[in-house]
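Asks: Pasting model.cif below, which is mmCIF, C-alpha atoms.
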data_target
loop_
_atom_site.label_atom_id
_atom_site.label_comp_id
_atom_site.auth_asym_id
_atom_site.auth_seq_id
_atom_site.Cartn_x
_atom_site.Cartn_y
_atom_site.Cartn_z
CA MET A 29 47.68 -24.95 6.32
CA PHE A 30 45.73 -26.77 9.04
CA LYS A 31 44.41 -23.58 10.71
CA PRO A 32 42.26 -22.29 7.82
CA MET A 33 40.67 -25.73 7.52
CA VAL A 34 39.69 -25.64 11.24
CA ILE A 35 38.27 -22.14 10.82
CA VAL A 36 36.20 -23.23 7.82
CA VAL A 37 34.86 -26.27 9.72
CA LEU A 38 34.03 -24.12 12.77
CA LEU A 39 32.30 -21.50 10.64
CA ALA A 40 30.30 -24.17 8.82
CA THR A 41 29.27 -25.81 12.12
CA GLY A 42 28.32 -22.43 13.56
CA ALA A 43 26.22 -21.57 10.54
CA ALA A 44 24.46 -24.93 10.71
CA VAL A 45 23.70 -24.49 14.42
CA LEU A 46 22.42 -20.95 13.90
CA GLY A 47 20.31 -22.08 10.97
CA GLY A 48 18.81 -24.82 13.12
CA VAL A 49 17.93 -22.39 15.89
CA GLY A 50 16.30 -20.08 13.41
CA ALA A 51 14.21 -22.87 11.98
CA THR A 52 13.02 -24.27 15.26
CA GLY A 53 13.25 -21.45 17.75
CA GLY A 54 11.29 -18.76 15.98
CA PRO A 55 7.52 -18.48 15.78
CA ALA A 56 6.30 -21.53 13.94
CA SER A 57 4.24 -19.70 11.42
CA SER A 58 5.83 -16.32 11.22
CA PRO A 59 4.83 -14.80 7.86
CA SER A 60 8.49 -14.17 7.09
CA GLN A 61 9.50 -17.85 7.42
CA SER A 62 8.75 -20.29 4.68
CA THR A 63 9.92 -23.59 3.24
CA PRO A 64 10.33 -24.01 -0.55
CA ALA A 65 6.92 -25.74 -0.76
CA GLN A 66 5.31 -22.82 1.06
CA GLU A 67 7.13 -20.41 -1.20
CA ALA A 68 5.59 -22.12 -4.21
CA TRP A 69 2.02 -21.62 -3.03
CA GLN A 70 2.83 -18.10 -1.89
CA LYS A 71 4.26 -17.24 -5.28
CA GLU A 72 1.17 -18.61 -7.00
CA PHE A 73 -1.08 -16.76 -4.55
CA ASP A 74 0.76 -13.49 -5.10
CA ASP A 75 0.63 -13.91 -8.84
CA ILE A 76 -3.11 -14.63 -8.90
CA CYS A 77 -4.13 -11.94 -6.45
CA SER A 78 -1.84 -9.24 -7.85
CA LYS A 79 -4.16 -8.94 -10.83
CA THR A 80 -7.36 -7.92 -9.09
CA GLN A 81 -6.91 -4.26 -10.07
CA ASP A 82 -6.95 -5.25 -13.72
CA ALA A 83 -9.84 -7.72 -13.52
CA MET A 84 -12.06 -5.60 -15.78
CA THR A 85 -9.51 -5.66 -18.58
CA PHE A 86 -9.29 -9.47 -18.79
CA SER A 87 -11.06 -11.58 -21.39
CA GLN A 88 -13.51 -14.26 -20.32
CA ALA A 89 -10.90 -16.94 -21.06
CA GLU A 90 -8.31 -15.19 -18.87
CA LEU A 91 -10.79 -14.79 -16.04
CA THR A 92 -11.79 -18.46 -16.29
CA ALA A 93 -8.10 -19.42 -16.14
CA LEU A 94 -7.57 -17.28 -13.04
CA ILE A 95 -10.59 -18.85 -11.33
CA SER A 96 -9.22 -22.33 -12.14
CA ARG A 97 -5.87 -21.36 -10.67
CA CYS A 98 -7.64 -20.19 -7.49
CA ASP A 99 -9.43 -23.55 -7.27
CA ALA A 100 -6.16 -25.42 -7.77
CA LEU A 101 -4.43 -23.38 -5.09
CA GLN A 102 -7.11 -23.85 -2.46
CA PRO A 103 -6.14 -27.42 -1.42
CA LEU A 104 -2.53 -26.30 -0.94
CA ILE A 105 -3.59 -23.50 1.38
CA GLU A 106 -5.87 -25.87 3.27
CA LYS A 107 -2.78 -27.83 4.31
CA LEU A 108 -1.26 -24.85 6.13
CA ASP A 109 -1.48 -24.25 9.86
CA GLU A 110 -4.80 -22.99 11.20
CA THR A 111 -4.15 -19.24 11.28
CA ARG A 112 -2.34 -19.03 7.99
CA LYS A 113 -5.03 -21.20 6.41
CA LYS A 114 -7.81 -18.93 7.66
CA VAL A 115 -6.12 -15.71 6.53
CA TYR A 116 -5.06 -16.92 3.10
CA LEU A 117 -8.25 -18.85 2.34
CA GLY A 118 -10.15 -15.64 3.06
CA ARG A 119 -7.89 -13.65 0.77
CA LEU A 120 -8.10 -16.28 -1.95
CA ARG A 121 -11.88 -16.37 -1.64
CA MET A 122 -11.97 -12.61 -2.23
CA CYS A 123 -9.71 -12.78 -5.30
CA ARG A 124 -11.72 -15.66 -6.75
CA GLY A 125 -14.97 -13.90 -5.93
CA LEU A 126 -13.91 -10.78 -7.80
CA TYR A 127 -12.84 -12.71 -10.89
CA ALA A 128 -16.10 -14.66 -10.81
CA TYR A 129 -18.04 -11.42 -10.44
CA VAL A 130 -16.31 -9.78 -13.40
CA LEU A 131 -16.72 -12.91 -15.52
CA ASP A 132 -20.41 -13.01 -14.67
CA SER A 133 -20.70 -9.34 -15.53
CA LYS A 134 -19.01 -9.85 -18.90
CA LYS A 135 -21.21 -12.82 -19.74
CA LYS A 136 -24.36 -10.91 -18.86
CA ASN A 137 -23.28 -7.88 -20.85
CA GLU A 138 -22.60 -10.10 -23.84
CA LYS A 139 -26.11 -11.54 -23.66
CA LYS A 140 -27.68 -8.07 -23.60
CA MET B 21 -27.38 42.00 -5.22
CA HIS B 22 -31.08 41.43 -4.91
CA MET B 23 -32.57 38.08 -5.52
CA CYS B 24 -35.31 38.29 -8.10
CA SER B 25 -38.75 37.18 -7.02
CA THR B 26 -38.68 34.07 -9.22
CA GLN B 27 -35.42 32.91 -7.53
CA LYS B 28 -36.85 33.66 -4.10
CA ARG B 29 -39.92 31.61 -4.87
CA ARG B 30 -37.75 28.76 -6.18
CA THR B 31 -35.55 28.79 -3.06
CA LYS B 32 -38.59 28.76 -0.80
CA ARG B 33 -40.10 25.96 -2.83
CA ASN B 34 -36.85 23.97 -2.54
CA GLU B 35 -36.72 24.50 1.21
CA ARG B 36 -40.31 23.35 1.53
CA GLY B 37 -39.49 20.44 -0.77
CA HIS B 38 -36.60 19.30 1.43
CA LEU B 39 -38.70 19.60 4.57
CA LEU B 40 -41.47 17.58 2.98
CA PHE B 41 -38.91 15.01 1.83
CA VAL B 42 -37.63 14.57 5.37
CA LEU B 43 -41.20 14.27 6.70
CA ILE B 44 -42.16 11.72 4.06
CA CYS B 45 -39.00 9.72 4.81
CA ALA B 46 -39.85 9.73 8.51
CA VAL B 47 -43.43 8.60 7.91
CA PHE B 48 -42.21 5.99 5.44
CA PHE B 49 -39.73 4.50 7.87
CA LEU B 50 -42.22 4.54 10.69
CA THR B 51 -44.98 2.80 8.85
CA ALA B 52 -43.43 0.78 6.06
CA ARG B 53 -42.73 -2.25 8.18
CA GLY B 54 -46.37 -2.41 9.26
CA SER B 55 -48.00 -2.57 12.70
CA GLY B 56 -46.59 0.85 13.52
CA GLN B 57 -43.17 -0.67 14.22
CA ILE B 58 -40.42 1.93 14.20
CA TYR B 59 -37.89 1.17 11.52
CA LEU B 60 -35.48 4.06 11.27
CA PRO B 61 -31.77 3.88 10.70
CA PRO B 62 -30.36 3.70 14.21
CA PRO B 63 -28.76 7.00 15.18
CA PRO B 64 -25.00 6.92 15.52
CA PRO B 65 -23.51 7.18 19.02
CA GLU B 66 -23.69 10.61 20.57
CA GLN B 67 -19.91 10.94 20.53
CA PRO B 68 -18.29 10.51 17.10
CA SER B 69 -15.30 9.01 18.95
CA ASP B 70 -17.48 6.00 19.75
CA TYR B 71 -18.53 5.47 16.14
CA GLY B 72 -16.94 2.35 14.70
CA LYS B 73 -15.65 1.31 18.10
CA VAL B 74 -15.23 -2.44 18.29
CA ILE B 75 -14.96 -4.35 21.55
CA LEU B 76 -13.04 -7.58 21.11
CA ASP B 77 -13.48 -10.11 23.83
CA ASN B 78 -13.23 -13.60 22.41
CA PHE B 79 -10.64 -14.69 24.94
CA SER B 80 -9.28 -11.53 26.60
CA SER B 81 -11.52 -11.53 29.68
CA THR B 82 -10.86 -15.17 30.48
CA ALA B 83 -7.16 -14.82 29.69
CA GLY B 84 -6.79 -11.86 32.04
CA PRO B 85 -5.96 -8.57 30.35
CA GLY B 86 -9.60 -7.66 29.65
CA PRO B 87 -11.44 -6.72 26.46
CA VAL B 88 -9.75 -4.86 23.62
CA VAL B 89 -11.13 -1.54 22.41
CA PHE B 90 -10.44 -0.96 18.75
CA ASP B 91 -11.06 2.54 17.40
CA HIS B 92 -11.70 2.66 13.69
CA TRP B 93 -11.04 6.43 13.53
CA LEU B 94 -7.42 6.00 14.54
CA HIS B 95 -6.66 3.32 12.00
CA ARG B 96 -8.77 4.56 9.10
CA ALA B 97 -6.89 7.85 9.15
CA ARG B 98 -3.72 5.93 8.38
CA PHE B 99 -4.65 2.84 6.40
CA THR B 100 -7.15 1.93 3.73
CA CYS B 101 -10.04 -0.35 4.62
CA ARG B 102 -8.66 -2.77 2.02
CA LEU B 103 -5.30 -3.17 3.73
CA CYS B 104 -6.84 -4.50 6.95
CA HIS B 105 -9.94 -6.23 5.64
CA VAL B 106 -8.38 -7.86 2.58
CA ASP B 107 -4.62 -8.15 3.03
CA ILE B 108 -4.48 -8.72 6.77
CA GLY B 109 -7.72 -10.66 6.87
CA PHE B 110 -9.86 -8.89 9.45
CA ALA B 111 -13.38 -10.13 8.86
CA MET B 112 -16.17 -7.59 8.74
CA GLN B 113 -18.43 -9.68 10.94
CA ALA B 114 -18.04 -9.86 14.70
CA LYS B 115 -16.12 -12.85 16.07
CA ALA B 116 -15.26 -14.13 12.59
CA THR B 117 -11.55 -13.27 12.49
CA GLY B 118 -10.27 -15.48 15.30
CA ILE B 119 -7.72 -13.07 16.73
CA THR B 120 -5.73 -14.45 19.64
CA ALA B 121 -2.56 -13.35 21.40
CA SER B 122 -0.86 -16.26 19.67
CA THR B 123 -1.90 -15.20 16.15
CA ASN B 124 -0.71 -11.67 16.93
CA ARG B 125 2.65 -12.99 18.09
CA GLN B 126 2.93 -15.03 14.92
CA GLY B 127 2.64 -11.89 12.86
CA PHE B 128 -1.01 -12.17 11.85
CA HIS B 129 -3.99 -9.90 12.57
CA CYS B 130 -2.89 -6.99 14.82
CA GLY B 131 0.61 -8.49 14.82
CA ALA B 132 0.89 -7.98 11.07
CA CYS B 133 1.75 -4.35 11.84
CA HIS B 134 2.21 -4.41 15.60
CA ASP B 135 5.28 -6.64 15.55
CA GLY B 136 7.72 -4.38 17.36
CA LYS B 137 9.88 -4.19 14.23
CA ARG B 138 7.93 -1.91 11.95
CA SER B 139 7.90 1.82 12.21
CA PHE B 140 5.25 4.27 11.10
CA GLU B 141 5.83 7.95 10.46
CA GLY B 142 9.26 7.54 12.01
CA LYS B 143 7.98 6.01 15.25
CA PRO B 144 8.33 2.35 16.22
CA VAL B 145 5.09 0.37 16.21
CA PHE B 146 4.64 -1.46 19.52
CA ALA B 147 4.43 -5.25 19.49
CA ALA B 148 0.97 -6.67 20.15
CA CYS B 149 0.78 -9.32 22.88
CA SER B 150 4.54 -9.45 23.20
CA ASP B 151 6.05 -11.60 25.95
CA ASP B 152 8.55 -8.83 26.63
CA THR B 153 5.98 -6.26 27.59
CA ASN B 154 5.72 -5.01 31.16
CA GLY B 155 1.96 -4.77 31.05
CA LYS B 156 1.87 -1.11 30.10
CA GLU B 157 1.61 -1.86 26.39
CA CYS B 158 -1.16 -4.45 26.99
CA ASN B 159 -3.42 -1.71 28.32
CA ARG B 160 -3.11 0.35 25.15
CA CYS B 161 -5.45 -2.15 23.49
CA HIS B 162 -6.93 -4.07 26.41
CA SER B 163 -8.41 -0.85 27.70
CA LEU B 164 -12.12 -1.36 28.27
CA GLY B 165 -13.09 0.30 31.52
CA LYS B 166 -9.56 1.50 32.22
CA LYS B 167 -8.81 5.18 32.60
CA ASP B 168 -5.94 7.10 30.99
CA VAL B 169 -4.38 4.12 29.29
CA ARG B 170 -5.09 5.04 25.67
CA LYS B 171 -2.37 6.96 23.89
CA TYR B 172 -4.56 8.88 21.45
CA SER B 173 -7.63 10.97 22.14
CA TYR B 174 -10.20 11.53 19.42
CA GLN B 175 -10.39 15.26 20.04
CA ALA B 176 -6.65 15.83 19.76
CA PHE B 177 -6.15 13.40 16.90
CA THR B 178 -8.94 14.79 14.74
CA ALA B 179 -8.52 18.47 15.68
CA LYS B 180 -7.06 19.43 12.32
CA LEU B 181 -9.27 17.19 10.20
CA PRO B 182 -12.32 18.60 8.40
CA LYS B 183 -15.60 17.87 10.11
CA GLY B 184 -18.91 16.93 8.56
CA THR B 185 -22.37 16.91 10.08
CA TYR B 186 -21.25 13.99 12.21
CA GLY B 187 -17.59 13.62 13.15
CA VAL B 188 -14.72 13.73 10.68
CA ASP B 189 -15.45 14.13 6.98
CA TRP B 190 -12.99 11.45 5.87
CA LYS B 191 -13.62 12.00 2.20
CA ALA B 192 -12.73 15.67 2.53
CA ALA B 193 -9.76 14.82 4.76
CA GLU B 194 -8.37 12.57 2.04
CA SER B 195 -9.16 15.00 -0.79
CA GLU B 196 -7.46 17.85 1.09
CA GLY B 197 -4.38 15.70 1.70
CA LYS B 198 -4.83 15.78 5.47
CA ILE B 199 -4.75 12.01 5.56
CA LYS B 200 -2.93 9.66 3.20
CA PRO B 201 -4.11 6.15 3.99
CA VAL B 202 -1.44 3.52 3.36
CA ASP B 203 -2.50 0.63 1.14
CA PHE B 204 0.56 -1.60 1.16
CA LEU B 205 2.25 -3.55 3.93
CA GLU B 206 5.62 -5.10 3.16
CA GLY B 207 5.59 -8.84 3.64
CA ILE B 208 1.79 -9.01 3.76
CA SER B 209 0.35 -7.17 0.75
CA VAL B 210 0.73 -8.38 -2.79
CA LYS B 211 2.46 -5.93 -5.14
CA ARG B 212 -0.13 -4.75 -7.64
CA ALA B 213 -0.50 -2.23 -10.40
CA PRO B 214 -1.95 1.13 -9.32
CA MET B 215 -5.72 1.27 -9.23
CA GLN B 216 -7.29 2.49 -12.45
CA THR B 217 -9.86 5.23 -12.04
CA ARG B 218 -13.33 3.77 -11.82
CA GLN B 219 -16.23 5.66 -13.27
CA ASP B 220 -18.76 7.03 -10.84
CA PHE B 221 -22.30 6.04 -11.69
CA SER B 222 -25.81 6.80 -10.61
CA ILE B 223 -28.08 4.40 -8.83
CA LYS B 224 -31.77 4.75 -9.38
CA ALA B 225 -33.59 5.27 -6.11
CA ALA B 226 -36.26 2.73 -5.23
CA LEU B 227 -38.78 5.54 -4.84
CA ALA B 228 -39.77 7.33 -8.02
CA TRP B 229 -39.78 10.75 -6.37
CA VAL B 230 -36.18 10.53 -5.10
CA HIS B 231 -33.30 11.64 -7.31
CA PRO B 232 -30.79 8.97 -8.29
CA ILE B 233 -27.76 8.54 -6.03
CA VAL B 234 -24.39 9.39 -7.52
CA PHE B 235 -22.20 6.57 -6.32
CA SER B 236 -18.53 7.44 -5.99
CA HIS B 237 -17.05 4.28 -7.45
CA GLU B 238 -13.64 5.94 -7.61
CA LYS B 239 -13.49 6.79 -3.91
CA HIS B 240 -14.90 3.44 -2.87
CA SER B 241 -12.49 1.43 -5.00
CA ILE B 242 -9.46 3.38 -3.81
CA TRP B 243 -10.31 2.77 -0.16
CA ASN B 244 -11.76 -0.71 -0.44
CA GLY B 245 -10.21 -2.23 -3.53
CA CYS B 246 -12.60 -4.17 -5.74
CA GLU B 247 -12.61 -7.44 -3.85
CA LEU B 248 -13.92 -6.11 -0.55
CA CYS B 249 -17.31 -5.29 -2.12
CA HIS B 250 -17.47 -7.77 -4.99
CA LEU B 251 -18.50 -10.54 -4.68
CA GLU B 252 -19.48 -10.74 -1.05
CA ILE B 253 -21.36 -7.48 -0.43
CA PHE B 254 -22.60 -6.87 -3.95
CA PRO B 255 -22.84 -10.29 -5.59
CA THR B 256 -24.84 -9.34 -8.65
CA ALA B 257 -22.86 -8.22 -11.62
CA LEU B 258 -25.43 -6.00 -13.27
CA LYS B 259 -26.33 -2.91 -11.32
CA GLU B 260 -29.90 -2.96 -12.60
CA THR B 261 -30.43 -6.24 -10.77
CA VAL B 262 -28.99 -5.13 -7.42
CA ARG B 263 -31.81 -4.85 -4.90
CA ASN B 264 -31.30 -1.49 -3.27
CA SER B 265 -33.39 -0.60 -0.32
CA MET B 266 -32.91 1.31 2.89
CA PHE B 267 -34.30 -1.69 4.74
CA LEU B 268 -31.45 -3.85 3.46
CA ASN B 269 -28.98 -1.13 4.43
CA ILE B 270 -30.42 -0.92 7.93
CA GLU B 271 -30.08 -4.69 8.21
CA GLY B 272 -26.37 -4.28 7.47
CA ARG B 273 -26.50 -5.47 3.88
CA ASN B 274 -25.41 -3.62 0.72
CA CYS B 275 -24.25 -0.11 1.70
CA GLY B 276 -25.13 -0.96 5.29
CA ALA B 277 -22.19 -3.35 5.47
CA CYS B 278 -20.06 -0.26 6.21
CA HIS B 279 -22.42 2.72 6.38
CA GLY B 280 -24.04 2.83 9.77
CA LYS B 281 -21.12 0.99 11.34
CA VAL B 282 -17.90 2.73 10.30
CA ALA B 283 -18.49 4.82 7.19
CA PHE B 284 -20.85 7.80 7.55
CA PRO B 285 -24.14 6.91 9.25
CA LEU B 286 -27.26 5.89 7.33
CA ASN B 287 -29.27 8.78 8.67
CA ALA B 288 -26.92 11.24 6.97
CA CYS B 289 -29.41 11.09 4.05
CA SER B 290 -27.98 13.93 2.01
CA GLN B 291 -24.54 12.31 1.73
CA CYS B 292 -26.03 9.93 -0.85
CA HIS B 293 -29.36 11.54 -1.68
CA SER B 294 -27.57 14.78 -2.30
CA ARG B 295 -30.24 16.20 -4.56
CA GLY B 296 -33.13 15.29 -2.32
CA PRO B 297 -36.57 14.64 -3.75
CA ASP B 298 -37.36 14.80 -7.42
CA TRP B 299 -39.32 18.06 -7.22
CA VAL B 300 -36.26 19.95 -5.95
CA ARG B 301 -34.25 21.21 -8.95
#
Take the structure from the file and write it as structure tokens.
Replies:
Amino acid sequence: MFKPMVIVVLLATGAAVLGGVGATGGPASSPSQSTPAQEAWQKEFDDICSKTQDAMTFSQAELTALISRCDALQPLIEKLDETRKKVYLGRLRMCRGLYAYVLDSKKKNEKK
Amino acid sequence: MHMCSTQKRRTKRNERGHLLFVLICAVFFLTARGSGQIYLPPPPPEQPSDYGKVILDNFSSTAGPGPVVFDHWLHRARFTCRLCHVDIGFAMQAKATGITASTNRQGFHCGACHDGKRSFEGKPVFAACSDDTNGKECNRCHSLGKKDVRKYSYQAFTAKLPKGTYGVDWKAAESEGKIKPVDFLEGISVKRAPMQTRQDFSIKAALAWVHPIVFSHEKHSIWNGCELCHLEIFPTALKETVRNSMFLNIEGRNCGACHGKVAFPLNACSQCHSRGPDWVR
């Protein structure tokens, strides 16, 4: 009766120790490691930038919304560590740039 | 079969036309910038293996292992331009990326692929700037001025690839299925819908007597994605308002952002001006 309890406690302690090592011992900003807050920005980033292939099919309102989402995401990325910030700000700038380009193109074509 | 005299005359006229076109181009480049200053597209390196070679030495010399030699030919045969320059974040300007041994170890830049965990074509990919290395692996990249440390030779690697007037004809290599550049890296790339076919279009040449260029939008968008060129290289949305000029290309703008550095050289005129001057039919 007592033995299984000890095993459970030992397993739980072991898991906690291992988890701690993983969180502190690995590379600080390995792309594979992320906290929930980081996951949130990453999810938003992935969602925004996964649509670049379809940029030409979006309406002006959709493109404007995507550009606004890029602008809202930027301050979150700016809080990341130096390397991650540089890489993801560059990628975000490219996504935003493309949406802005297509929006501009659609506006100009409309005026024609 | 005998060529009729009209055809013969037309062929001769076309040959003369092309020769005249080349001469006019030469004179134009030599004199257009005034004061007799030579302003030709710089010729590519004598050896195609040196074309697109990048020497990286932000910190390597001071840190010890010496400058890195990066060969575009080796990587472009395997990956799209977009994968490295968009997803991984390699800038297209010198010294703008900020690669360090530390960023590589963290899984960025070269370390995005070279992490010691990934494999490619069934072979493990070595870890860049790993602490575990015995120094042998360092020399694979930090190879400037070192003999027999590179794993791949251009001649052997490109032996079976189709050749153009200068080095490998990458477009043909891809069309013939000899290379299949990868465009997705697990954990780095964003999952996206497949690229829709983009319509090729013609670009009016700045000179009235030159045929329009047929721009392969399809090929460019497959290799580069949309966001590598728009907005940063081609910021204007309407193609009629894009300022096209060979001078801008030579300065590294517009097409010159890639052509003349990595993509086929700017003095391979017929690759874009495939129909030559206007009087050649």
Asks: Take the point (-18.3, -8.9, 12.3) as written in the file and pick out every residue within 12 Å of it, counting all atoms listed in the file; give the list as a PDB file with C-alpha atoms, in the frame of the given file.
Replies:
ATOM      1  CA  GLY B  72     -16.940   2.350  14.700  1.00  0.00           C
ATOM      2  CA  VAL B  74     -15.230  -2.440  18.290  1.00  0.00           C
ATOM      3  CA  ILE B  75     -14.960  -4.350  21.550  1.00  0.00           C
ATOM      4  CA  LEU B  76     -13.040  -7.580  21.110  1.00  0.00           C
ATOM      5  CA  HIS B 105      -9.940  -6.230   5.640  1.00  0.00           C
ATOM      6  CA  PHE B 110      -9.860  -8.890   9.450  1.00  0.00           C
ATOM      7  CA  ALA B 111     -13.380 -10.130   8.860  1.00  0.00           C
ATOM      8  CA  MET B 112     -16.170  -7.590   8.740  1.00  0.00           C
ATOM      9  CA  GLN B 113     -18.430  -9.680  10.940  1.00  0.00           C
ATOM     10  CA  ALA B 114     -18.040  -9.860  14.700  1.00  0.00           C
ATOM     11  CA  LYS B 115     -16.120 -12.850  16.070  1.00  0.00           C
ATOM     12  CA  ALA B 116     -15.260 -14.130  12.590  1.00  0.00           C
ATOM     13  CA  THR B 117     -11.550 -13.270  12.490  1.00  0.00           C
ATOM     14  CA  GLY B 118     -10.270 -15.480  15.300  1.00  0.00           C
ATOM     15  CA  GLY B 272     -26.370  -4.280   7.470  1.00  0.00           C
ATOM     16  CA  ALA B 277     -22.190  -3.350   5.470  1.00  0.00           C
ATOM     17  CA  CYS B 278     -20.060  -0.260   6.210  1.00  0.00           C
ATOM     18  CA  LYS B 281     -21.120   0.990  11.340  1.00  0.00           C
ATOM     19  CA  VAL B 282     -17.900   2.730  10.300  1.00  0.00           C
TER      20      VAL B 282
END
Asks: What residues come out when you apply the PyMOL selection byres ((chain B and resi 280) around 10) to this file, written as a list in words?
Replies: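 That expression, the PyMOL selection byres ((chain B and resi 280) around 10), corresponds here to Pro61, Pro62, Pro63, Pro64, Tyr71, Gly72, Asn269, Ile270, Glu271, Gly272, Cys275, Gly276, Ala277, Cys278, His279, Lys281, Val282, Ala283, Phe284, Pro285, Leu286, Asn287 and Ala288 of chain B.
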Asks: Counting all atoms listed in the file, which residue out of A:Ile76, A:Asp132, A:Leu101, A:Glu138 sits closest to chain B?
Replies: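 Ranked by minimum distance to chain B, first place goes to A:Asp132.
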Asks: With all atoms listed in the file as the counted atoms, please give the residues lying no more than 10 Å from Thr111 of chain A, apart from itself and same-chain residues fewer than 5 positions off, as a list in words.
Replies: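 Using all atoms listed in the file, the neighbours found are Ser57, Tyr116 and Leu117 of chain A; Thr117, Gly118, Ile119, Thr120, Ser122, Thr123, Gln126, Phe128 and His129 of chain B.
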Asks: Limited to C-alpha atoms, could you put the picked residues into a file as a PDB file, in the coordinates of the input?
Replies:
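result00.pdb, written as the output of this step:
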ATOM      1  CA  SER A  57       4.240 -19.700  11.420  1.00  0.00           C
ATOM      2  CA  TYR A 116      -5.060 -16.920   3.100  1.00  0.00           C
ATOM      3  CA  LEU A 117      -8.250 -18.850   2.340  1.00  0.00           C
TER       4      LEU A 117
ATOM      5  CA  THR B 117     -11.550 -13.270  12.490  1.00  0.00           C
ATOM      6  CA  GLY B 118     -10.270 -15.480  15.300  1.00  0.00           C
ATOM      7  CA  ILE B 119      -7.720 -13.070  16.730  1.00  0.00           C
ATOM      8  CA  THR B 120      -5.730 -14.450  19.640  1.00  0.00           C
ATOM      9  CA  SER B 122      -0.860 -16.260  19.670  1.00  0.00           C
ATOM     10  CA  THR B 123      -1.900 -15.200  16.150  1.00  0.00           C
ATOM     11  CA  GLN B 126       2.930 -15.030  14.920  1.00  0.00           C
ATOM     12  CA  PHE B 128      -1.010 -12.170  11.850  1.00  0.00           C
ATOM     13  CA  HIS B 129      -3.990  -9.900  12.570  1.00  0.00           C
TER      14      HIS B 129
END
Asks: Report the residues retrieved by the PyMOL selection byres ((chain A) within 12 of (chain B)) from the displayed file, expressed as JSON, numbers by chain.
Replies: {"A": [54, 55, 56, 57, 58, 59, 60, 61, 62, 70, 71, 72, 73, 74, 75, 76, 77, 78, 79, 80, 81, 82, 83, 84, 85, 109, 110, 111, 112, 113, 114, 115, 116, 117, 118, 119, 120, 121, 122, 123, 124, 125, 126, 127, 128, 129, 130, 131, 132, 133, 134, 135, 136, 137, 138, 139, 140]}
Asks: Which value, in Å to one decimal, gives the distance between atom CA of Cys292 of chain B and atom CA of Val234 of chain B?
Replies: 6.9 Å
Asks: Given the file shown, enumerate the residues that the PyMOL selection byres ((chain A and resi 104) around 10) captures and present them as a PyMOL selection string.
Replies: chain A and resi 65-66+68-70+99-103+105-108+113+117
Asks: From the options B:Lys239, B:His293, B:Arg160, B:Arg102, which residue's atoms come nearest to Lys224 of chain B, counting all atoms listed in the file?
Replies: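 Using all atoms listed in the file, Lys224 of chain B sits closest to B:His293.
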Asks: What does the distance from atom CA of Ala83 of chain B to atom CA of Lys137 of chain B come to in Å, to one decimal?
Replies: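 The value is 25.3 Å.
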Asks: Closest to Trp243 of chain B among B:Arg170, B:Lys198, B:Arg273, B:Lys191, using only C-alpha atoms?
Replies: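 Result for the nearest residue to Trp243 of chain B: B:Lys191.
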